[in-house]
Structures are given as C-alpha cells and as structure tokens.
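S.K.: File start.txt follows (compact mmCIF, C-alpha atoms):
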# COMPACT_ATOMS: atom_id res chain seq x y z
CA MET A 1 -24.47 -4.07 -20.26
CA TYR A 2 -22.39 -5.63 -17.46
CA SER A 3 -21.80 -9.34 -17.07
CA ILE A 4 -19.81 -11.60 -14.76
CA ILE A 5 -17.61 -14.58 -15.62
CA GLU A 6 -15.76 -16.96 -13.32
CA GLU A 7 -12.12 -17.84 -13.99
CA LYS A 8 -9.78 -19.50 -11.49
CA LYS A 9 -12.08 -18.83 -8.50
CA LYS A 10 -12.33 -15.11 -9.33
CA PHE A 11 -15.43 -13.39 -10.69
CA TYR A 12 -14.43 -10.87 -13.35
CA ILE A 13 -16.71 -8.02 -14.36
CA LEU A 14 -17.21 -7.52 -18.09
CA LYS A 15 -18.55 -4.54 -19.98
CA ASN A 16 -19.33 -5.15 -23.65
CA ASN A 17 -17.63 -8.58 -23.33
CA LYS A 18 -14.31 -7.03 -22.20
CA LYS A 19 -12.86 -7.40 -18.72
CA LEU A 20 -12.87 -4.14 -16.81
CA LYS A 21 -9.52 -2.86 -15.58
CA THR A 22 -8.49 -0.73 -12.63
CA PRO A 23 -6.67 2.58 -13.15
CA ASN A 24 -3.39 0.63 -12.80
CA LYS A 25 -4.41 -1.70 -15.66
CA LYS A 26 -5.14 -4.72 -13.45
CA TYR A 27 -8.36 -6.66 -13.88
CA LEU A 28 -11.32 -5.85 -11.63
CA TYR A 29 -12.77 -8.93 -9.95
CA GLY A 30 -14.83 -10.04 -6.99
CA LYS A 31 -13.92 -12.82 -4.60
CA ASN A 32 -17.34 -14.46 -4.96
CA LEU A 33 -20.51 -14.07 -7.02
CA SER A 34 -22.30 -11.95 -4.43
CA HIS A 35 -19.33 -9.55 -4.27
CA ALA A 36 -19.25 -9.27 -8.07
CA LYS A 37 -23.01 -8.58 -8.19
CA LYS A 38 -22.62 -5.79 -5.62
CA LEU A 39 -19.83 -4.26 -7.72
CA VAL A 40 -22.01 -4.30 -10.84
CA ASN A 41 -24.88 -2.78 -8.87
CA GLU A 42 -22.66 0.07 -7.61
CA MET A 43 -21.33 0.72 -11.11
CA GLU A 44 -24.87 1.01 -12.44
CA ILE A 45 -25.95 3.38 -9.65
CA LYS A 46 -22.81 5.56 -10.04
CA LYS A 47 -22.87 7.03 -6.53
CA LYS A 48 -19.79 8.90 -5.33
CA ASN A 49 -18.73 7.32 -2.05
CA GLN A 50 -15.06 6.98 -1.19
CA PHE A 51 -15.76 4.04 1.14
CA SER A 52 -17.98 2.08 -1.25
CA ILE A 53 -17.37 -1.57 -2.01
CA LEU A 54 -16.35 -0.57 -5.52
CA ASN A 55 -13.62 1.81 -4.35
CA LEU A 56 -12.33 -0.65 -1.76
CA THR A 57 -12.26 -3.40 -4.39
CA LEU A 58 -10.41 -1.15 -6.84
CA PHE A 59 -7.85 -0.51 -4.11
CA SER A 60 -7.44 -4.20 -3.27
CA CYS A 61 -7.22 -5.29 -6.92
CA ASN A 62 -4.34 -2.83 -7.43
CA LEU A 63 -2.27 -4.34 -4.61
CA THR A 64 0.69 -6.54 -5.43
CA GLU A 65 1.46 -9.79 -3.61
CA TYR A 66 4.19 -7.94 -1.69
CA ASP A 67 1.69 -5.28 -0.60
CA ASN A 68 -0.75 -7.96 0.62
CA VAL A 69 1.91 -9.70 2.71
CA ASN A 70 3.13 -6.38 4.09
CA ILE A 71 -0.39 -5.29 5.14
CA ILE A 72 -1.10 -8.64 6.81
CA ASN A 73 2.21 -8.56 8.71
CA ASN A 74 1.56 -4.99 9.91
CA ILE A 75 -1.93 -5.90 11.12
CA LEU A 76 -0.63 -8.97 12.95
CA ARG A 77 2.16 -6.94 14.56
CA MET A 78 -0.36 -4.34 15.77
CA LEU A 79 -2.69 -7.01 17.11
CA ASP A 80 0.12 -8.53 19.19
CA TYR A 81 0.20 -5.36 21.29
CA ASP A 82 -3.49 -4.51 21.31
CA ASN A 83 -4.85 -5.12 24.81
CA THR A 84 -8.36 -3.95 23.98
CA LEU A 85 -8.93 -7.00 21.81
CA TYR A 86 -7.64 -9.33 24.50
CA ARG A 87 -10.40 -10.84 26.59
CA VAL A 88 -9.82 -13.31 29.38
CA SER A 89 -11.90 -16.43 29.45
CA THR A 90 -11.86 -16.62 33.26
CA THR A 91 -13.84 -14.60 35.77
CA ILE A 92 -10.71 -12.94 37.20
CA PRO A 93 -10.78 -9.20 36.42
CA LEU A 94 -8.51 -8.11 33.59
CA ASN A 95 -6.44 -5.75 35.75
CA LYS A 96 -5.46 -8.63 38.07
CA GLU A 97 -4.33 -10.67 35.06
CA MET A 98 -1.97 -7.92 33.94
Can you turn what I pasted into structure tokens?

M.R.:
Amino acid sequence: MYSIIEEKKKFYILKNNKKLKTPNKKYLYGKNLSHAKKLVNEMEIKKKNQFSILNLTLFSCNLTEYDNVNIINNILRMLDYDNTLYRVSTTIPLNKEM
C-alpha cells in the first residue's frame, strides 16, 4: 500500500505510486530511510497523537525556507541568554563565575 522512494537525499512516501502531500500541498518526506519507515508505520496504525512523528513531520514539511531560518535564528537568540544550558568546565562554582 505505502512505499518509499529516494530523490535528492529525501525519502518520499508514496501511496498507490503517488507522492503523498501535506494539507498545504507540499510533498511529505523523511530525512532518512528510518524516518520514512516510521512515518509509514504511523500512517498504517492511524493513532491520534498530536505530538507524533507524523504530525511533527507534516508541520516541518509545510515550513518555507524563510520559516526555517526564522526558527533557527529565534532558537539561537534564546540560547544566547539561557544560563541553565551554560556549564563551566572548571571546578569553580557557577555563582563565582557570574
């Protein structure tokens, strides 16, 4: 029923030899073969989970290049000011460093 083909380092999911599309009419694909197999498995099971790999992949496939750059820049900006992720490599306590 479902099959997977590789084109330009993307693994597209096919149903009845036609590429599946997202609700925004963009092609559904996985970044690697294992990702594509998990997508097919979730489609066959048909569970309703808003945080499933399938739903997250549908979201990411719908993003434009501008959206991708914008998300990455926002994450990097937030990480610049996130002290909880900062860990010192020395034995000096963190509060003395600050």

S.K.: What does the distance between CA of Ile4 (chain A) and CA of Lys31 (chain A) come to in Å, to one decimal place?

M.R.: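 Taking CA of Ile4 (chain A) as the start and CA of Lys31 (chain A) as the end point, the length is 11.8 Å.
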
S.K.: Would you mind telling me which residue in A:Asn24, A:Asn32, A:Asn41, A:Asn49 lies nearest to Leu63 (chain A) when using only C-alpha atoms?

M.R.: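 The closest residue to Leu63 (chain A) is A:Asn24.
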
S.K.: Show which residues sit within 10 Å of Ile53 (chain A), as JSON, numbers by chain. Count all atoms listed in the file, and ignore same-chain residues fewer than 3 positions away.

M.R.: {"A": [35, 36, 38, 39, 42, 49, 50, 56, 57, 58, 59]}

S.K.: Choose the residue, out of A:Phe51, A:Ile45, A:Lys26, A:Lys10, that has the smallest atom-to-atom separation from Thr64 (chain A); count all atoms listed in the file.

M.R.: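 Residue with the minimum atom-to-atom distance to Thr64 (chain A): A:Lys26.
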
S.K.: When you look at Met1 (chain A) with a cut-off of 8 Å (counting only C-alpha atoms), what residues show up, excluding the ones that are within fewer than 2 positions of it in the same chain? I need them as a PyMOL selection string.

M.R.: chain A and resi 3+15-16

S.K.: May I have the selected residues written with C-alpha atoms, as a PDB file, in the coordinates of the input?

M.R.:
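So result-v6.pdb came out as:
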ATOM      1  CA  SER A   3     -21.800  -9.340 -17.070  1.00  0.00           C
ATOM      2  CA  LYS A  15     -18.550  -4.540 -19.980  1.00  0.00           C
ATOM      3  CA  ASN A  16     -19.330  -5.150 -23.650  1.00  0.00           C
TER       4      ASN A  16
END

S.K.: Do you have the CA of Glu65 (chain A)-CA of Ile13 (chain A) distance handy?

M.R.: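 Separation of CA of Glu65 (chain A) and CA of Ile13 (chain A): 21.2 Å.
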
S.K.: Quote the spacing between CA of Lys19 (chain A) and CA of Ser34 (chain A) in Å to one decimal place.

M.R.: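 That distance, rounded to one decimal, is 17.7 Å.
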
S.K.: From the list A:Leu14, A:Thr22, A:Asn74, A:Asp67, which residue is nearest Asn55 (chain A) when using only C-alpha atoms?

M.R.: A:Thr22
